[in-house]
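Next comes model_18.txt, with compact mmCIF, C-alpha atoms.
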```
# COMPACT_ATOMS: atom_id res chain seq x y z
CA MET A 166 -11.76 -67.80 -85.00
CA ALA A 167 -12.83 -64.63 -83.16
CA ARG A 168 -10.69 -61.49 -83.05
CA ALA A 169 -10.70 -58.74 -80.41
CA PHE A 170 -9.89 -55.04 -80.69
CA LEU A 171 -9.40 -53.36 -77.30
CA VAL A 172 -9.12 -49.58 -77.61
CA VAL A 173 -8.35 -47.21 -74.72
CA MET A 174 -9.42 -43.57 -75.02
CA ASP A 175 -6.78 -42.24 -72.64
CA SER A 176 -8.45 -40.16 -69.90
CA VAL A 177 -12.05 -40.17 -71.22
CA GLY A 178 -13.70 -40.62 -67.83
CA ILE A 179 -17.43 -40.44 -67.17
CA GLY A 180 -17.49 -39.31 -63.52
CA GLY A 181 -19.03 -41.03 -60.54
CA ALA A 182 -16.01 -42.83 -59.03
CA PRO A 183 -17.13 -43.95 -55.58
CA ASP A 184 -13.77 -43.06 -54.02
CA ALA A 185 -13.18 -39.75 -55.84
CA ASP A 186 -13.04 -37.92 -52.51
CA GLN A 187 -9.75 -39.73 -51.76
CA PHE A 188 -7.95 -38.34 -54.85
CA PHE A 189 -6.92 -34.73 -55.34
CA ASN A 190 -5.87 -31.97 -57.70
CA GLY A 191 -3.85 -29.85 -55.30
CA HIS A 192 -6.05 -29.61 -52.22
CA LEU A 193 -9.31 -30.13 -54.12
CA PRO A 194 -10.80 -33.64 -54.10
CA ASP A 195 -11.92 -35.10 -57.43
CA THR A 196 -15.51 -35.40 -56.21
CA GLY A 197 -17.72 -34.19 -59.06
CA ALA A 198 -15.11 -34.40 -61.80
CA ASN A 199 -16.62 -35.71 -65.03
CA THR A 200 -14.50 -35.44 -68.16
CA LEU A 201 -17.14 -36.36 -70.75
CA ALA A 202 -20.14 -34.60 -69.21
CA HIS A 203 -18.31 -31.35 -68.54
CA ILE A 204 -16.97 -31.24 -72.11
CA ALA A 205 -20.46 -31.95 -73.47
CA GLN A 206 -21.93 -29.25 -71.24
CA ALA A 207 -19.34 -26.71 -72.38
CA CYS A 208 -20.07 -27.55 -76.02
CA ALA A 209 -23.82 -27.24 -75.50
CA GLU A 210 -23.34 -23.82 -73.89
CA GLY A 211 -21.09 -22.51 -76.66
CA ARG A 212 -17.93 -22.53 -74.52
CA ALA A 213 -15.92 -24.89 -76.76
CA GLU A 214 -15.86 -23.07 -80.08
CA ASP A 215 -12.14 -23.10 -80.92
CA GLY A 216 -11.79 -25.15 -84.11
CA ARG A 217 -15.27 -26.63 -83.80
CA SER A 218 -18.77 -25.42 -82.97
CA GLY A 219 -22.04 -26.42 -81.35
CA PRO A 220 -23.05 -29.44 -79.29
CA LEU A 221 -20.66 -32.36 -78.87
CA ARG A 222 -21.30 -34.79 -81.73
CA LEU A 223 -20.33 -38.41 -81.07
CA PRO A 224 -22.89 -40.45 -83.04
CA HIS A 225 -20.89 -43.68 -83.29
CA LEU A 226 -19.70 -43.82 -79.69
CA ASP A 227 -23.15 -42.82 -78.48
CA SER A 228 -24.78 -45.55 -80.55
CA LEU A 229 -22.56 -48.02 -78.71
CA GLY A 230 -23.87 -46.70 -75.38
CA LEU A 231 -21.55 -43.86 -74.34
CA GLY A 232 -24.40 -41.70 -73.07
CA ALA A 233 -26.01 -44.70 -71.37
CA ALA A 234 -22.71 -45.66 -69.71
CA SER A 235 -22.39 -42.11 -68.42
CA ALA A 236 -25.88 -42.37 -66.96
CA LEU A 237 -24.86 -45.60 -65.22
CA ALA A 238 -21.89 -43.77 -63.66
CA THR A 239 -23.67 -40.66 -62.40
CA GLY A 240 -27.41 -40.98 -63.03
CA GLU A 241 -27.30 -38.24 -65.68
CA THR A 242 -26.85 -38.33 -69.45
CA PRO A 243 -24.46 -35.69 -70.85
CA PRO A 244 -26.01 -33.07 -73.17
CA GLY A 245 -26.31 -34.26 -76.76
CA LEU A 246 -25.87 -37.95 -75.92
CA GLY A 247 -28.38 -40.72 -75.26
CA ALA A 248 -28.98 -42.11 -78.77
CA PRO A 249 -30.59 -45.55 -79.33
CA ARG A 250 -27.96 -48.21 -78.64
CA ARG A 251 -26.61 -51.00 -80.80
CA GLY A 252 -23.86 -52.24 -78.46
CA ILE A 253 -23.25 -53.51 -74.94
CA HIS A 254 -22.39 -50.78 -72.45
CA ALA A 255 -21.16 -50.61 -68.85
CA ALA A 256 -19.48 -48.21 -66.42
CA ALA A 257 -16.29 -49.52 -64.80
CA SER A 258 -14.71 -48.60 -61.46
CA GLU A 259 -11.05 -48.99 -60.53
CA ILE A 260 -9.70 -50.43 -57.26
CA SER A 261 -5.97 -49.72 -57.75
CA ARG A 262 -4.72 -46.87 -55.60
CA GLY A 263 -3.73 -44.65 -58.47
CA LYS A 264 -5.34 -42.58 -61.23
CA ASP A 265 -2.49 -43.07 -63.68
CA THR A 266 -1.70 -44.88 -66.91
CA PRO A 267 -0.08 -48.08 -65.55
CA SER A 268 -2.70 -48.55 -62.82
CA GLY A 269 -5.57 -48.13 -65.26
CA HIS A 270 -4.14 -50.24 -68.06
CA TRP A 271 -2.89 -53.05 -65.85
CA GLU A 272 -6.25 -53.34 -64.12
CA LEU A 273 -8.08 -53.24 -67.44
CA ALA A 274 -5.77 -56.12 -68.41
CA GLY A 275 -6.74 -58.10 -65.31
CA VAL A 276 -4.04 -57.10 -62.79
CA PRO A 277 -4.94 -54.52 -60.12
CA VAL A 278 -1.86 -52.82 -58.69
CA PRO A 279 -1.02 -54.42 -55.32
CA TRP A 280 1.20 -51.62 -53.96
CA ASP A 281 1.18 -47.88 -53.35
CA TRP A 282 3.09 -45.87 -55.93
CA HIS A 283 5.86 -43.48 -54.94
CA TYR A 284 5.14 -39.82 -55.67
CA PHE A 285 7.62 -36.97 -55.55
CA PRO A 286 6.71 -33.99 -53.35
CA ASP A 287 5.46 -30.80 -54.97
CA THR A 288 8.32 -28.81 -53.50
CA GLY A 289 11.63 -27.50 -54.77
CA PRO A 290 13.73 -29.53 -55.19
CA ALA A 291 11.43 -32.48 -55.83
CA PHE A 292 14.08 -35.20 -56.11
CA PRO A 293 16.42 -36.57 -53.42
CA ASP A 294 20.12 -35.80 -53.74
CA ASP A 295 21.14 -39.41 -54.38
CA LEU A 296 18.72 -39.66 -57.32
CA VAL A 297 20.02 -36.40 -58.78
CA ALA A 298 23.57 -37.74 -58.45
CA ASP A 299 22.55 -40.92 -60.30
CA VAL A 300 21.04 -38.90 -63.16
CA CYS A 301 24.16 -36.77 -63.51
CA ARG A 302 26.47 -39.79 -63.37
CA LEU A 303 24.50 -41.66 -66.04
CA ALA A 304 24.13 -38.54 -68.21
CA GLY A 305 27.77 -37.55 -67.80
CA THR A 306 26.83 -34.03 -66.71
CA ASP A 307 27.57 -31.78 -63.74
CA GLY A 308 23.91 -31.02 -63.09
CA LEU A 309 20.34 -31.05 -64.33
CA HIS A 310 17.60 -28.55 -65.00
CA GLY A 311 14.13 -28.58 -63.47
CA ASN A 312 13.97 -30.83 -60.40
CA CYS A 313 10.33 -29.90 -59.83
CA HIS A 314 6.69 -30.53 -60.70
CA ALA A 315 6.00 -28.99 -64.09
CA SER A 316 4.06 -29.02 -67.33
CA GLY A 317 6.15 -30.70 -70.01
CA THR A 318 5.74 -27.95 -72.57
CA ALA A 319 6.29 -25.17 -70.02
CA ILE A 320 9.48 -26.61 -68.59
CA ILE A 321 10.96 -27.11 -72.07
CA ALA A 322 10.17 -23.49 -72.90
CA GLU A 323 11.77 -22.38 -69.61
CA HIS A 324 14.94 -24.48 -69.67
CA GLY A 325 15.35 -25.55 -73.30
CA ALA A 326 17.82 -22.83 -74.28
CA ALA A 327 20.06 -23.43 -71.25
CA HIS A 328 19.84 -27.19 -71.85
CA MET A 329 21.11 -26.71 -75.40
CA ARG A 330 24.04 -24.65 -74.09
CA ASP A 331 25.21 -26.83 -71.21
CA GLY A 332 23.80 -30.27 -72.13
CA TRP A 333 22.16 -30.84 -68.76
CA PRO A 334 18.98 -32.97 -68.98
CA ILE A 335 15.66 -31.41 -67.98
CA CYS A 336 14.09 -33.54 -65.23
CA TYR A 337 10.61 -33.06 -63.83
CA THR A 338 7.60 -34.90 -62.44
CA SER A 339 3.87 -34.43 -61.93
CA ALA A 340 1.12 -35.63 -59.63
CA ASP A 341 1.56 -39.04 -61.27
CA SER A 342 4.19 -41.54 -60.18
CA VAL A 343 6.61 -40.52 -62.95
CA PHE A 344 10.14 -39.26 -63.54
CA GLN A 345 10.37 -37.44 -66.86
CA ILE A 346 13.49 -36.41 -68.75
CA ALA A 347 13.31 -33.94 -71.61
CA ALA A 348 16.21 -33.43 -74.00
CA HIS A 349 16.81 -32.00 -77.45
CA GLU A 350 17.00 -34.71 -80.10
CA GLU A 351 19.89 -33.05 -81.92
CA SER A 352 22.02 -31.25 -79.32
CA PHE A 353 21.64 -33.95 -76.63
CA GLY A 354 20.83 -36.89 -78.90
CA LEU A 355 17.75 -39.10 -79.07
CA ASP A 356 19.63 -42.36 -78.54
CA ARG A 357 21.48 -40.84 -75.59
CA LEU A 358 18.19 -39.73 -74.02
CA GLN A 359 16.58 -43.15 -74.43
CA ARG A 360 19.65 -44.88 -73.01
CA LEU A 361 19.69 -42.51 -70.02
CA CYS A 362 16.04 -43.30 -69.26
CA ALA A 363 16.58 -47.05 -69.67
CA ASP A 364 19.65 -47.01 -67.38
CA LEU A 365 17.85 -44.97 -64.73
CA ALA A 366 14.61 -46.98 -64.81
CA PRO A 367 15.70 -49.84 -62.48
CA THR A 368 16.51 -47.35 -59.72
CA LEU A 369 13.15 -45.61 -60.06
CA HIS A 370 11.24 -48.88 -60.33
CA ALA A 371 12.83 -50.10 -57.09
CA MET A 372 11.35 -46.97 -55.48
CA LYS A 373 7.93 -47.96 -56.96
CA VAL A 374 7.93 -45.02 -59.34
CA GLY A 375 5.69 -46.23 -62.13
CA ARG A 376 7.38 -44.80 -65.20
CA VAL A 377 10.51 -43.11 -66.44
CA ILE A 378 9.43 -41.15 -69.53
CA SER A 379 11.69 -39.78 -72.23
CA ARG A 380 10.42 -36.48 -73.62
CA PRO A 381 12.46 -35.62 -76.73
CA PHE A 382 11.96 -32.27 -78.42
CA VAL A 383 13.30 -30.33 -81.38
CA GLY A 384 13.42 -26.72 -82.50
CA VAL A 385 15.02 -23.51 -81.33
CA PRO A 386 14.42 -21.28 -78.29
CA GLY A 387 10.94 -19.84 -78.52
CA ALA A 388 9.82 -22.57 -80.91
CA PHE A 389 10.44 -25.94 -79.24
CA THR A 390 8.19 -28.88 -80.18
CA ARG A 391 7.96 -32.28 -78.52
CA THR A 392 8.26 -35.18 -80.95
CA ALA A 393 6.51 -38.54 -81.25
CA ASN A 394 9.67 -40.37 -80.09
CA ARG A 395 8.54 -40.44 -76.48
CA ARG A 396 9.13 -43.71 -74.67
CA ASP A 397 7.70 -44.91 -71.36
CA PHE A 398 9.98 -47.18 -69.35
CA ALA A 399 7.33 -48.69 -67.08
CA ILE A 400 7.71 -50.97 -64.11
CA ALA A 401 6.73 -54.51 -65.07
CA PRO A 402 3.27 -55.76 -64.05
CA PRO A 403 3.39 -57.97 -60.94
CA ALA A 404 1.45 -60.83 -62.57
CA PRO A 405 0.53 -62.09 -66.06
CA THR A 406 -1.86 -59.72 -67.83
CA LEU A 407 -4.37 -60.20 -70.61
CA CYS A 408 -1.49 -59.81 -73.09
CA ASP A 409 0.32 -62.75 -71.49
CA TRP A 410 -2.86 -64.83 -71.38
CA VAL A 411 -3.35 -64.37 -75.13
CA THR A 412 0.25 -65.04 -76.18
CA SER A 413 0.47 -68.03 -73.83
CA ALA A 414 -2.44 -69.50 -75.77
CA GLY A 415 -0.37 -69.21 -78.95
CA ARG A 416 -2.14 -66.12 -80.23
CA THR A 417 -0.83 -62.74 -81.40
CA VAL A 418 -1.06 -59.42 -79.55
CA HIS A 419 -0.68 -56.31 -81.72
CA ALA A 420 0.17 -53.20 -79.66
CA VAL A 421 -0.85 -49.83 -81.08
CA GLY A 422 0.49 -46.71 -79.39
CA LYS A 423 2.23 -46.88 -76.02
CA ILE A 424 0.76 -50.26 -75.02
CA GLY A 425 4.14 -51.98 -75.47
CA ASP A 426 5.78 -49.48 -73.12
CA ILE A 427 3.03 -49.73 -70.50
CA PHE A 428 3.38 -53.52 -70.31
CA SER A 429 7.19 -53.55 -70.62
CA MET A 430 6.72 -55.55 -73.86
CA ARG A 431 5.47 -58.55 -71.89
CA GLY A 432 2.99 -60.54 -73.95
CA ILE A 433 3.38 -58.16 -76.92
CA SER A 434 3.99 -59.59 -80.40
CA ASP A 435 4.55 -56.37 -82.36
CA VAL A 436 4.21 -52.60 -81.93
CA ALA A 437 2.98 -49.71 -84.10
CA LYS A 438 3.59 -46.20 -82.72
CA GLY A 439 3.10 -42.58 -83.73
CA PRO A 440 0.72 -39.67 -83.21
CA ASP A 441 -2.96 -40.51 -82.82
CA ALA A 442 -3.78 -39.83 -86.48
CA LEU A 443 -1.22 -42.45 -87.52
CA LEU A 444 -2.41 -44.83 -84.80
CA MET A 445 -5.91 -44.74 -86.27
CA GLU A 446 -4.41 -45.72 -89.63
CA HIS A 447 -2.60 -48.62 -87.95
CA LEU A 448 -5.79 -49.72 -86.21
CA LEU A 449 -7.76 -49.62 -89.44
CA ARG A 450 -4.99 -51.57 -91.18
CA LEU A 451 -5.11 -54.24 -88.50
CA THR A 452 -8.83 -54.76 -89.04
CA GLU A 453 -7.72 -56.08 -92.43
CA GLU A 454 -4.45 -57.80 -91.44
CA ALA A 455 -4.85 -59.16 -87.90
CA GLY A 456 -5.14 -62.92 -87.87
CA ASP A 457 -7.80 -65.14 -86.39
CA GLY A 458 -7.73 -65.33 -82.60
CA SER A 459 -5.60 -62.20 -82.25
CA LEU A 460 -5.87 -59.28 -79.84
CA THR A 461 -5.21 -55.74 -81.06
CA PHE A 462 -4.67 -53.48 -78.03
CA ALA A 463 -4.54 -49.74 -78.73
CA ASN A 464 -4.10 -46.56 -76.72
CA PHE A 465 -5.00 -43.10 -78.04
CA VAL A 466 -3.10 -40.73 -75.76
CA GLU A 467 -3.68 -37.25 -77.15
CA PHE A 468 -7.01 -36.69 -75.35
CA ASP A 469 -4.88 -36.77 -72.21
CA SER A 470 -1.48 -35.41 -73.22
CA LEU A 471 -2.55 -32.56 -75.49
CA TYR A 472 -5.90 -31.47 -74.06
CA GLY A 473 -6.70 -32.88 -70.62
CA HIS A 474 -3.55 -31.82 -68.79
CA ARG A 475 -3.60 -28.48 -70.60
CA ARG A 476 -7.25 -27.93 -69.66
CA ASP A 477 -8.18 -27.31 -73.29
CA VAL A 478 -11.90 -28.02 -73.54
CA SER A 479 -12.26 -27.18 -77.23
CA GLY A 480 -9.23 -29.28 -78.14
CA TYR A 481 -10.56 -32.23 -76.15
CA ALA A 482 -13.94 -31.92 -77.87
CA ARG A 483 -12.27 -31.79 -81.30
CA ALA A 484 -10.27 -34.91 -80.45
CA LEU A 485 -13.39 -36.77 -79.34
CA GLU A 486 -15.23 -35.88 -82.53
CA TRP A 487 -12.24 -36.90 -84.66
CA PHE A 488 -12.00 -40.21 -82.81
CA ASP A 489 -15.72 -40.83 -83.21
CA ALA A 490 -15.34 -40.55 -86.99
CA GLY A 491 -12.58 -43.15 -86.80
CA VAL A 492 -14.83 -45.43 -84.77
CA GLY A 493 -17.36 -45.25 -87.59
CA GLN A 494 -14.71 -46.57 -89.99
CA LEU A 495 -13.74 -49.31 -87.54
CA LEU A 496 -17.33 -50.46 -87.18
CA ASP A 497 -17.66 -50.70 -90.94
CA ARG A 498 -14.55 -52.91 -91.14
CA LEU A 499 -15.32 -55.42 -88.39
CA ARG A 500 -15.76 -58.98 -89.58
CA PRO A 501 -18.51 -61.27 -88.31
CA GLY A 502 -17.36 -62.58 -84.94
CA ASP A 503 -15.06 -59.62 -84.18
CA MET A 504 -15.40 -57.70 -80.94
CA LEU A 505 -14.50 -54.02 -80.58
CA LEU A 506 -14.28 -52.96 -76.93
CA ILE A 507 -13.70 -49.25 -76.26
CA THR A 508 -12.88 -48.01 -72.78
CA ALA A 509 -10.65 -45.56 -70.85
CA ASP A 510 -8.04 -45.74 -68.09
CA HIS A 511 -8.91 -42.73 -65.86
CA GLY A 512 -10.29 -39.23 -66.21
CA ASN A 513 -8.69 -35.87 -66.99
CA ASP A 514 -11.48 -33.33 -66.75
CA PRO A 515 -10.36 -30.24 -68.70
CA THR A 516 -12.78 -28.07 -66.72
CA TRP A 517 -11.32 -29.15 -63.37
CA PRO A 518 -8.84 -27.03 -61.36
CA GLY A 519 -5.23 -28.15 -61.56
CA THR A 520 -3.56 -30.19 -64.29
CA ASP A 521 -3.70 -33.73 -62.91
CA HIS A 522 -5.81 -36.73 -63.88
CA THR A 523 -9.19 -37.06 -62.20
CA ARG A 524 -10.55 -40.16 -60.46
CA GLU A 525 -13.59 -41.31 -62.46
CA ARG A 526 -15.46 -44.31 -63.69
CA VAL A 527 -14.83 -45.16 -67.35
CA PRO A 528 -17.11 -46.34 -70.17
CA VAL A 529 -17.04 -49.89 -71.48
CA LEU A 530 -18.56 -50.04 -74.97
CA ILE A 531 -18.72 -53.35 -76.87
CA ALA A 532 -19.55 -53.63 -80.56
CA GLY A 533 -20.07 -56.77 -82.60
CA LEU A 534 -21.85 -58.87 -80.00
CA GLY A 535 -25.36 -57.46 -79.98
CA GLN A 536 -27.02 -55.04 -77.60
CA GLY A 537 -27.28 -55.01 -73.83
CA ALA A 538 -26.35 -53.40 -70.53
CA GLY A 539 -23.45 -54.62 -68.41
CA GLY A 540 -24.32 -52.34 -65.51
CA GLN A 541 -21.64 -51.07 -63.18
CA CYS A 542 -18.58 -53.28 -63.39
CA ALA A 543 -14.88 -53.47 -62.53
CA PHE A 544 -11.89 -52.52 -64.65
CA ALA A 545 -10.73 -56.14 -64.47
CA ASP A 546 -13.98 -57.24 -66.12
CA VAL A 547 -12.60 -55.83 -69.38
CA ALA A 548 -9.82 -58.43 -69.42
CA ALA A 549 -12.21 -61.23 -68.50
CA THR A 550 -14.56 -60.16 -71.30
CA VAL A 551 -11.82 -60.11 -73.94
CA ALA A 552 -10.49 -63.47 -72.73
CA ALA A 553 -13.96 -65.00 -72.91
CA HIS A 554 -14.45 -63.71 -76.44
CA LEU A 555 -11.08 -65.10 -77.57
CA ASP A 556 -11.66 -68.35 -75.64
CA VAL A 557 -8.40 -68.12 -73.70
CA PRO A 558 -8.10 -68.86 -69.96
CA ALA A 559 -8.46 -65.77 -67.75
CA GLN A 560 -6.22 -65.54 -64.68
CA GLY A 561 -7.45 -62.31 -63.12
CA PRO A 562 -10.27 -61.38 -60.71
CA GLY A 563 -12.73 -60.07 -63.33
CA ARG A 564 -15.98 -61.48 -64.68
CA SER A 565 -16.99 -61.50 -68.32
CA LEU A 566 -19.69 -59.11 -69.50
CA ILE A 567 -20.64 -61.42 -72.39
```

Kindly return the structure encoded in the file as C-alpha cells.
Amino acid sequence: MARAFLVVMDSVGIGGAPDADQFFNGHLPDTGANTLAHIAQACAEGRAEDGRSGPLRLPHLDSLGLGAASALATGETPPGLGAPRRGIHAAASEISRGKDTPSGHWELAGVPVPWDWHYFPDTGPAFPDDLVADVCRLAGTDGLHGNCHASGTAIIAEHGAAHMRDGWPICYTSADSVFQIAAHEESFGLDRLQRLCADLAPTLHAMKVGRVISRPFVGVPGAFTRTANRRDFAIAPPAPTLCDWVTSAGRTVHAVGKIGDIFSMRGISDVAKGPDALLMEHLLRLTEEAGDGSLTFANFVEFDSLYGHRRDVSGYARALEWFDAGVGQLLDRLRPGDMLLITADHGNDPTWPGTDHTRERVPVLIAGLGQGAGGQCAFADVAATVAAHLDVPAQGPGRSLI
C-alpha cells in the first residue's frame, strides 16, 4: 500500500502571489517579495558568504522542479536553478486571509481559513487591560514584561534579567496573529510556562488569535538561549483536515516537528519534535519504519524562525543547502510506490524590509510518481493530491495533481 511523506519548508516562498499588494511589512506591500529568488541572487552576487560561499546549490530540490516552479510563479528562474527535472512541480497560491503558519498549513491540509484573524496593534501597550489581567491572574504575578511587538531574541535580551528577578512573564506579539510568552525554564519553570499558555489559550482563541506560543529559554543575562521546548497552542481547524481524513480511514499520521501543535493534535497518531537536524533524522527513520498507507507530515521551521525573521540571507542559504542534502538521502530511501511532496506555507524574504512573513506563492515538488508539470495550483490541491495517492476520501475544495 502506498505511503506519503508531506514536508513543509517553513517560509520558502517563490514570489508571485497575485494578492501580495494586500499584505504588508510595516507600510510596504509585499509586492515583489521572493524568498527563494532573492536568496539565490544574493548568493550569485557574493552577498551570502557567511558560513558558505558561491552560488546557491540545491541540486536535489532543483531536480524535482524547484527552479521550474519558481518560473511558474514569476516567469523567471532564480540564478543557479533550472536543472533537468525528474519530478512533478507546481506553484501554489493561498486564498486564506493570512500569511501565517496556521493559515498556510490548514489550507495545505484542505481547509482554507474561513475567518479573519485578530492581530494586536503595533503600539505600546499592545494588549488590552483585561487580557493583561488574565495573564497575571493565571501566572500568579503582579505584572508582565513586554506588552509590545518584538523580536523573540531581542525581547528576551531586554527583559530576561528583570524576569528572573521578579518572575513576571515576558509577553509579546508580532505581525502574525500570535500571543507569545517567554520565560526562563529554571527560574520560572518549564511546566509552569506550558500550563500558563494552555490555560490562556481558550481566551485568545475566542478572540480569533491563531496561536499562543510558549518561548522557553535558559542561560544568564547576556547569554540567554531559546530552547527546543517551544509549544504552539493553536486554535483548532474549523473542519476535518487531511490528517483527519487519513486517520478516519484507519491509517496512521506521523507528525514531525510542530505539526501536532498546528493541528491541535487532531488526526495525529504520534509526534517527533526537536531542532531541524533532529527532525531530519526522524524523517529518515520514518522512511524505514512508517507502515503501509501512512502519512508522515513534517515541518522544518528554522528557515523561518532562525533566518527569515532575522533577515539573515547567508543563514537562510546555509539552511536550504543543508536541507537539500537531506532531501537527497530521502530520495534514496523512498520505496516503490512512495510519494514525497515538498512544499511551503508562506514566504519570509530575508532581503525584504521589516521582519514579518511575506505573501508569496509556494513550490509543490512531487517525487516518486514520475515527471510532469502541475502548473499554477491552489494550496488545497496539496491535500487532494496526498489523499488521492493514499486512496482516502478527500473532503476539501482541492483537486489532485496526480

Centre, edges in Å (one decimal): axis-aligned box, region 368-385 of chain A, 6 Å padding on all six sides, as AutoDock Vina command-line options:
```
--center_x 11.1 --center_y -36.8 --center_z -69.0 --size_x 22.8 --size_y 38.6 --size_z 39.0
```

- Item | Given only C-alpha atoms as the counted atoms, nearest of A:Gly540, A:Pro386, A:Pro367, A:Gly211 to Ile253 (chain A) |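 The shortest atom-to-atom distance to Ile253 (chain A) comes from A:Gly540.
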
- Could you check how far CA of Pro194 (chain A) sits from CA of Thr338 (chain A), in Å to one decimal? 20.2 Å

- Note on the structure: As a check of understanding: the span from CA of Gly180 (chain A) to CA of Ser235 (chain A) is 7.5 Å

- Exercise: Ser261 (chain A) partners within 7 Å, all atoms listed in the file, chain neighbours under 2 positions left out, as a PyMOL selection string: chain A and resi 259+263+268+277-278

Could I get region 228-247 of chain A rebuilt with N, CA and C atoms, written as a PDB file, keeping the file's coordinate frame?
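Written file, result_29.pdb:
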```pdb
ATOM      1  N   SER A 228     -23.974 -44.409 -80.133  1.00  0.00           N
ATOM      2  CA  SER A 228     -24.780 -45.550 -80.550  1.00  0.00           C
ATOM      3  C   SER A 228     -24.330 -46.837 -79.875  1.00  0.00           C
ATOM      4  N   LEU A 229     -23.056 -46.858 -79.445  1.00  0.00           N
ATOM      5  CA  LEU A 229     -22.560 -48.020 -78.710  1.00  0.00           C
ATOM      6  C   LEU A 229     -22.895 -47.954 -77.222  1.00  0.00           C
ATOM      7  N   GLY A 230     -23.429 -46.805 -76.769  1.00  0.00           N
ATOM      8  CA  GLY A 230     -23.870 -46.700 -75.380  1.00  0.00           C
ATOM      9  C   GLY A 230     -23.070 -45.735 -74.530  1.00  0.00           C
ATOM     10  N   LEU A 231     -22.353 -44.774 -75.145  1.00  0.00           N
ATOM     11  CA  LEU A 231     -21.550 -43.860 -74.340  1.00  0.00           C
ATOM     12  C   LEU A 231     -22.422 -43.019 -73.411  1.00  0.00           C
ATOM     13  N   GLY A 232     -23.511 -42.474 -73.936  1.00  0.00           N
ATOM     14  CA  GLY A 232     -24.400 -41.700 -73.070  1.00  0.00           C
ATOM     15  C   GLY A 232     -25.022 -42.566 -71.985  1.00  0.00           C
ATOM     16  N   ALA A 233     -25.403 -43.791 -72.347  1.00  0.00           N
ATOM     17  CA  ALA A 233     -26.010 -44.700 -71.370  1.00  0.00           C
ATOM     18  C   ALA A 233     -25.005 -45.111 -70.295  1.00  0.00           C
ATOM     19  N   ALA A 234     -23.738 -45.333 -70.691  1.00  0.00           N
ATOM     20  CA  ALA A 234     -22.710 -45.660 -69.710  1.00  0.00           C
ATOM     21  C   ALA A 234     -22.495 -44.496 -68.753  1.00  0.00           C
ATOM     22  N   SER A 235     -22.522 -43.279 -69.281  1.00  0.00           N
ATOM     23  CA  SER A 235     -22.390 -42.110 -68.420  1.00  0.00           C
ATOM     24  C   SER A 235     -23.529 -42.035 -67.415  1.00  0.00           C
ATOM     25  N   ALA A 236     -24.736 -42.364 -67.865  1.00  0.00           N
ATOM     26  CA  ALA A 236     -25.880 -42.370 -66.960  1.00  0.00           C
ATOM     27  C   ALA A 236     -25.723 -43.438 -65.875  1.00  0.00           C
ATOM     28  N   LEU A 237     -25.134 -44.572 -66.231  1.00  0.00           N
ATOM     29  CA  LEU A 237     -24.860 -45.600 -65.220  1.00  0.00           C
ATOM     30  C   LEU A 237     -23.893 -45.087 -64.156  1.00  0.00           C
ATOM     31  N   ALA A 238     -22.922 -44.248 -64.587  1.00  0.00           N
ATOM     32  CA  ALA A 238     -21.890 -43.770 -63.660  1.00  0.00           C
ATOM     33  C   ALA A 238     -22.416 -42.715 -62.710  1.00  0.00           C
ATOM     34  N   THR A 239     -23.283 -41.825 -63.205  1.00  0.00           N
ATOM     35  CA  THR A 239     -23.670 -40.660 -62.400  1.00  0.00           C
ATOM     36  C   THR A 239     -25.166 -40.453 -62.266  1.00  0.00           C
ATOM     37  N   GLY A 240     -25.970 -41.194 -63.042  1.00  0.00           N
ATOM     38  CA  GLY A 240     -27.410 -40.980 -63.030  1.00  0.00           C
ATOM     39  C   GLY A 240     -27.867 -39.926 -64.011  1.00  0.00           C
ATOM     40  N   GLU A 241     -26.937 -39.283 -64.739  1.00  0.00           N
ATOM     41  CA  GLU A 241     -27.300 -38.240 -65.680  1.00  0.00           C
ATOM     42  C   GLU A 241     -26.644 -38.498 -67.027  1.00  0.00           C
ATOM     43  N   THR A 242     -27.371 -38.193 -68.096  1.00  0.00           N
ATOM     44  CA  THR A 242     -26.850 -38.330 -69.450  1.00  0.00           C
ATOM     45  C   THR A 242     -26.289 -36.995 -69.905  1.00  0.00           C
ATOM     46  N   PRO A 243     -25.042 -36.961 -70.409  1.00  0.00           N
ATOM     47  CA  PRO A 243     -24.460 -35.690 -70.850  1.00  0.00           C
ATOM     48  C   PRO A 243     -25.268 -35.064 -71.990  1.00  0.00           C
ATOM     49  N   PRO A 244     -25.278 -33.738 -72.091  1.00  0.00           N
ATOM     50  CA  PRO A 244     -26.010 -33.070 -73.170  1.00  0.00           C
ATOM     51  C   PRO A 244     -25.586 -33.571 -74.547  1.00  0.00           C
ATOM     52  N   GLY A 245     -26.579 -33.836 -75.397  1.00  0.00           N
ATOM     53  CA  GLY A 245     -26.310 -34.260 -76.760  1.00  0.00           C
ATOM     54  C   GLY A 245     -26.114 -35.742 -76.936  1.00  0.00           C
ATOM     55  N   LEU A 246     -26.044 -36.506 -75.838  1.00  0.00           N
ATOM     56  CA  LEU A 246     -25.870 -37.950 -75.920  1.00  0.00           C
ATOM     57  C   LEU A 246     -27.168 -38.643 -75.527  1.00  0.00           C
ATOM     58  N   GLY A 247     -27.178 -39.987 -75.591  1.00  0.00           N
ATOM     59  CA  GLY A 247     -28.380 -40.720 -75.260  1.00  0.00           C
ATOM     60  C   GLY A 247     -29.105 -41.292 -76.452  1.00  0.00           C
TER      61      GLY A 247
END
```
